[in-house]
file data17.tsv (TSV, C-alpha atoms)
chain	number	residue	atom	x	y	z
X	113	MET	CA	0.00	0.00	0.00
X	114	ILE	CA	2.83	2.40	0.80
X	115	TRP	CA	4.54	1.46	-2.44
X	116	THR	CA	1.45	2.32	-4.50
X	117	LYS	CA	1.13	5.76	-2.94
X	118	ARG	CA	4.67	6.69	-3.88
X	119	HIS	CA	4.31	5.53	-7.46
X	120	HIS	CA	0.69	6.68	-7.96
X	121	GLN	CA	-0.31	3.32	-9.28
X	122	ALA	CA	-3.25	1.22	-8.11
X	123	LEU	CA	-2.74	-2.35	-7.01
X	124	ARG	CA	-3.66	-5.02	-9.49
X	125	PRO	CA	-6.98	-6.77	-8.67
X	126	ALA	CA	-5.23	-10.05	-7.83
X	127	MET	CA	-2.82	-8.29	-5.48
X	128	THR	CA	-5.72	-6.51	-3.75
X	129	VAL	CA	-7.43	-9.85	-3.11
X	130	ILE	CA	-4.23	-11.31	-1.65
X	131	VAL	CA	-3.66	-8.31	0.64
X	132	CYS	CA	-7.28	-8.44	1.86
X	133	GLY	CA	-7.00	-12.19	2.43
X	134	VAL	CA	-3.84	-11.78	4.48
X	135	GLY	CA	-5.54	-9.07	6.52
X	136	ILE	CA	-8.53	-11.30	7.21
X	137	VAL	CA	-6.26	-14.18	8.27
X	138	ILE	CA	-4.35	-11.92	10.67
X	139	ILE	CA	-7.57	-10.58	12.20
X	140	ALA	CA	-9.02	-14.10	12.55
X	141	SER	CA	-5.89	-15.44	14.24
X	142	LEU	CA	-5.80	-12.48	16.65
X	143	LEU	CA	-9.45	-13.03	17.56
X	144	ASN	CA	-8.75	-16.73	18.07
X	145	VAL	CA	-5.87	-15.97	20.43
X	146	LEU	CA	-7.78	-13.28	22.31
X	147	LEU	CA	-11.10	-15.12	22.71
X	148	PHE	CA	-10.28	-18.83	23.05
X	149	LYS	CA	-8.07	-21.16	25.08
X	150	SER	CA	-7.59	-24.89	24.93
X	151	TYR	CA	-8.64	-27.20	27.77
X	152	ALA	CA	-7.97	-30.93	27.33
X	153	GLY	CA	-7.40	-30.30	23.64
X	154	VAL	CA	-10.81	-28.66	23.21
X	155	ARG	CA	-11.24	-24.99	22.32
X	156	VAL	CA	-13.35	-23.16	24.90
X	157	LYS	CA	-14.05	-19.50	25.46
X	158	LYS	CA	-11.47	-17.80	27.65
X	159	ASN	CA	-13.91	-17.02	30.47
X	160	GLN	CA	-15.10	-20.66	30.47
X	161	TYR	CA	-11.48	-21.82	30.59
X	162	TYR	CA	-10.85	-19.73	33.71
X	163	GLU	CA	-14.10	-20.95	35.30
X	164	ILE	CA	-13.11	-24.58	34.62
X	165	THR	CA	-9.59	-24.20	35.99
X	166	SER	CA	-10.83	-22.30	39.04
X	167	LEU	CA	-13.49	-24.95	39.76
X	168	THR	CA	-11.09	-27.88	39.34
X	169	THR	CA	-8.36	-26.20	41.39
X	170	ASN	CA	-10.74	-25.51	44.26
X	171	MET	CA	-12.25	-29.00	44.03
X	172	HIS	CA	-8.76	-30.51	44.17
X	173	ALA	CA	-7.79	-28.30	47.12
X	174	SER	CA	-10.94	-29.23	49.02
X	175	LEU	CA	-10.19	-32.95	48.60
X	176	ALA	CA	-6.44	-32.71	49.23
X	177	SER	CA	-6.49	-33.16	53.00
X	178	SER	CA	-9.34	-35.68	53.05
X	179	GLN	CA	-7.74	-38.14	50.60
X	180	ALA	CA	-5.95	-39.93	53.44
X	181	PRO	CA	-8.14	-41.91	55.84
X	182	ASN	CA	-8.80	-40.55	59.34
X	183	GLN	CA	-7.35	-37.14	58.55
X	184	PRO	CA	-9.22	-34.00	59.63
X	185	VAL	CA	-10.24	-31.55	56.95
X	186	THR	CA	-7.90	-28.57	56.94
X	187	PRO	CA	-9.16	-24.97	57.04
X	188	GLN	CA	-7.79	-24.48	53.51
X	189	ALA	CA	-9.86	-27.44	52.26
X	190	LYS	CA	-12.97	-26.03	53.94
X	191	LYS	CA	-12.36	-22.66	52.31
X	192	ALA	CA	-11.84	-24.33	48.93
X	193	SER	CA	-15.17	-26.19	49.26
X	194	ARG	CA	-16.89	-22.88	50.02
X	195	ASN	CA	-15.20	-21.41	46.93
X	196	VAL	CA	-16.62	-24.23	44.80
X	197	THR	CA	-20.13	-23.44	46.06
X	198	TYR	CA	-19.54	-19.73	45.44
X	199	LEU	CA	-18.31	-20.35	41.88
X	200	ILE	CA	-21.27	-22.60	41.10
X	201	ASP	CA	-23.63	-19.96	42.45
X	202	HIS	CA	-22.04	-17.06	40.56
X	203	THR	CA	-21.44	-18.70	37.17
X	204	GLY	CA	-25.12	-19.24	36.49
X	205	GLN	CA	-25.14	-23.00	36.99
X	206	PRO	CA	-28.41	-24.92	37.44
X	207	ALA	CA	-29.95	-25.33	40.91
X	208	ARG	CA	-29.02	-29.04	40.88
X	209	SER	CA	-25.33	-28.17	40.65
X	210	LYS	CA	-25.68	-25.75	43.54
X	211	ARG	CA	-27.35	-28.44	45.68
X	212	TRP	CA	-24.55	-30.90	44.86
X	213	ALA	CA	-21.93	-28.28	45.76
X	214	GLN	CA	-23.70	-27.47	49.04
X	215	ALA	CA	-23.92	-31.18	49.93
X	216	ALA	CA	-20.18	-31.57	49.26
X	217	GLN	CA	-19.45	-28.45	51.31
X	218	THR	CA	-21.54	-29.80	54.19
X	219	GLN	CA	-19.56	-33.04	54.15
X	220	LEU	CA	-16.24	-31.20	54.19
X	221	THR	CA	-17.05	-28.43	56.64
X	222	ARG	CA	-19.44	-29.95	59.18
X	223	ARG	CA	-18.49	-33.62	59.42
X	224	LYS	CA	-15.58	-34.98	61.43
X	225	ALA	CA	-15.17	-37.84	58.95
X	226	PRO	CA	-16.46	-36.63	55.57
X	227	ASN	CA	-17.83	-39.06	53.02
X	228	VAL	CA	-15.14	-38.47	50.39
X	229	ALA	CA	-16.85	-40.78	47.89
X	230	LEU	CA	-20.00	-38.63	48.07
X	231	VAL	CA	-17.98	-35.43	47.64
X	232	LYS	CA	-16.15	-36.85	44.59
X	233	ARG	CA	-19.42	-38.08	43.07
X	234	ASN	CA	-21.02	-34.65	43.56
X	235	TYR	CA	-18.01	-32.92	42.03
X	236	GLN	CA	-18.17	-35.24	39.04
X	237	LYS	CA	-21.89	-34.48	38.59
X	238	ILE	CA	-21.17	-30.75	38.80
X	239	LEU	CA	-18.45	-30.98	36.15
X	240	HIS	CA	-20.63	-33.13	33.89
X	241	GLN	CA	-23.48	-30.62	34.15
X	242	TYR	CA	-21.09	-27.72	33.48
X	243	PHE	CA	-19.58	-29.34	30.39
X	244	GLN	CA	-23.02	-30.21	29.03
X	245	GLY	CA	-23.75	-26.48	29.13
X	246	ILE	CA	-20.59	-25.71	27.16
X	247	THR	CA	-20.96	-28.20	24.31
X	248	SER	CA	-23.63	-30.43	22.83
X	249	SER	CA	-21.25	-33.19	21.72
X	250	ALA	CA	-21.39	-36.16	24.12
X	251	LYS	CA	-17.88	-37.19	23.09
X	252	THR	CA	-16.47	-33.75	23.91
X	253	VAL	CA	-18.33	-33.65	27.23
X	254	THR	CA	-16.82	-37.02	28.15
X	255	LYS	CA	-13.33	-35.89	27.15
X	256	LEU	CA	-13.54	-32.65	29.14
X	257	GLU	CA	-15.13	-34.37	32.14
X	258	THR	CA	-12.53	-37.15	32.22
X	259	HIS	CA	-9.68	-34.64	32.11
X	260	ALA	CA	-11.22	-32.44	34.82
X	261	VAL	CA	-12.09	-35.34	37.14
X	262	ASP	CA	-8.55	-36.72	36.78
X	263	ARG	CA	-7.21	-33.30	37.73
X	264	VAL	CA	-9.53	-33.05	40.75
X	265	ASN	CA	-8.69	-36.55	41.98
X	266	GLN	CA	-4.91	-36.24	41.64
X	267	ALA	CA	-3.07	-37.27	44.74
X	268	PRO	CA	-1.82	-34.27	46.73
X	269	LYS	CA	1.74	-33.28	45.92
X	270	THR	CA	4.16	-34.05	48.71
X	271	LYS	CA	6.99	-31.69	49.47
call {"tool": "encode", "arguments": {"input": "data17.tsv", "output": "structure tokens"}}
result
Amino acid sequence: MIWTKRHHQALRPAMTVIVCGVGIVIIASLLNVLLFKSYAGVRVKKNQYYEITSLTTNMHASLASSQAPNQPVTPQAKKASRNVTYLIDHTGQPARSKRWAQAAQTQLTRRKAPNVALVKRNYQKILHQYFQGITSSAKTVTKLETHAVDRVNQAPKTK
């Protein structure tokens, strides 16, 4: 474009098409980078990506101290379970998901010996419900759910 202004000569039609095409490709790739992230190899909107990672991180943290038998639930785990309930409530999830989150929170915050199997099952239901809201493909839901549940159920890292 700068070259044509100096020489007072219009671009050839083919060159104009190529320049416009390159511009469209650049804009599309910028939008892709700015609006989407990849989770478990699936493109999701950036805000959904951050919701997913925040949910799974808090779910993992809430289960971290209760993975070992006869261990009390730490204050950090209790706070993480409250964060899960808060996130479910404030991300517009269905009432069922909120009930599951509250039941898990009750187990982790009010019971001396929480039913970890119930908490894990509720977390899996919450994630399944969330991923069904993101995509309509059953295969994609399964892939996302499997990845997220694996991340939640990882054994706590020892120092």
call {"tool": "atom_distance", "arguments": {"input": "data17.tsv", "atom1": "CA of Asn159 (chain X)", "atom2": "CA of Lys191 (chain X)"}}
result
22.6 Å
call {"tool": "closest_atom_pairs", "arguments": {"input": "data17.tsv", "of": "region 136-184 of chain X", "to": "region 233-247 of chain X", "cutoff": "10 Å", "atoms": "all atoms listed in the file", "output": "JSON lines"}}
result
{"residue": "X:Val156", "atom": "CA", "partner": "X:Ile246", "partner_atom": "CA", "distance": 8.0}
{"residue": "X:Lys157", "atom": "CA", "partner": "X:Ile246", "partner_atom": "CA", "distance": 9.2}
{"residue": "X:Gln160", "atom": "CA", "partner": "X:Ile246", "partner_atom": "CA", "distance": 8.2}
{"residue": "X:Glu163", "atom": "CA", "partner": "X:Tyr242", "partner_atom": "CA", "distance": 9.9}
{"residue": "X:Ile164", "atom": "CA", "partner": "X:Leu239", "partner_atom": "CA", "distance": 8.5}
{"residue": "X:Leu167", "atom": "CA", "partner": "X:Leu239", "partner_atom": "CA", "distance": 8.6}
{"residue": "X:Thr168", "atom": "CA", "partner": "X:Leu239", "partner_atom": "CA", "distance": 8.6}
{"residue": "X:Met171", "atom": "CA", "partner": "X:Tyr235", "partner_atom": "CA", "distance": 7.2}
{"residue": "X:His172", "atom": "CA", "partner": "X:Tyr235", "partner_atom": "CA", "distance": 9.8}
call {"tool": "write_last_selection", "arguments": {"input": "data17.tsv", "atoms": "C-alpha atoms", "output": "PDB file, in the coordinates of the input"}}
result
ATOM      1  CA  VAL X 156     -13.350 -23.160  24.900  1.00  0.00           C
ATOM      2  CA  LYS X 157     -14.050 -19.500  25.460  1.00  0.00           C
ATOM      3  CA  GLN X 160     -15.100 -20.660  30.470  1.00  0.00           C
ATOM      4  CA  GLU X 163     -14.100 -20.950  35.300  1.00  0.00           C
ATOM      5  CA  ILE X 164     -13.110 -24.580  34.620  1.00  0.00           C
ATOM      6  CA  LEU X 167     -13.490 -24.950  39.760  1.00  0.00           C
ATOM      7  CA  THR X 168     -11.090 -27.880  39.340  1.00  0.00           C
ATOM      8  CA  MET X 171     -12.250 -29.000  44.030  1.00  0.00           C
ATOM      9  CA  HIS X 172      -8.760 -30.510  44.170  1.00  0.00           C
TER      10      HIS X 172
END
call {"tool": "atom_distance", "arguments": {"input": "data17.tsv", "atom1": "CA of Leu199 (chain X)", "atom2": "CA of Ala176 (chain X)"}}
result
18.6 Å
call {"tool": "closest_residue", "arguments": {"input": "data17.tsv", "among": "X:Ala207, X:Val228, X:Ile130, X:Ala260", "to": "Gln183 (chain X)", "atoms": "all atoms listed in the file"}}
result
X:Val228
call {"tool": "closest_residue", "arguments": {"input": "data17.tsv", "among": "X:Thr254, X:Leu175, X:Ser150, X:Lys210", "to": "Ser193 (chain X)", "atoms": "all atoms listed in the file"}}
result
X:Leu175
call {"tool": "atom_distance", "arguments": {"input": "data17.tsv", "atom1": "CA of Phe148 (chain X)", "atom2": "CA of Ser166 (chain X)"}}
result
16.4 Å
call {"tool": "axis_aligned_box", "arguments": {"input": "data17.tsv", "around": "region 158-161 of chain X", "padding_each_side": "6 Å", "output": "JSON"}}
result
{"center_x": -13.3, "center_y": -19.4, "center_z": 29.1, "size_x": 15.6, "size_y": 16.8, "size_z": 14.9}
call {"tool": "closest_residue", "arguments": {"input": "data17.tsv", "among": "X:Ala189, X:Val134, X:Ala152, X:Val145", "to": "Asn170 (chain X)", "atoms": "all atoms listed in the file"}}
result
X:Ala189
call {"tool": "closest_residue", "arguments": {"input": "data17.tsv", "among": "X:Arg194, X:Arg124, X:Lys232, X:Arg263", "to": "Gln214 (chain X)", "atoms": "all atoms listed in the file"}}
result
X:Arg194
call {"tool": "closest_residue", "arguments": {"input": "data17.tsv", "among": "X:Tyr198, X:Pro184, X:Val137, X:Gln205", "to": "Gln219 (chain X)", "atoms": "only C-alpha atoms"}}
result
X:Pro184
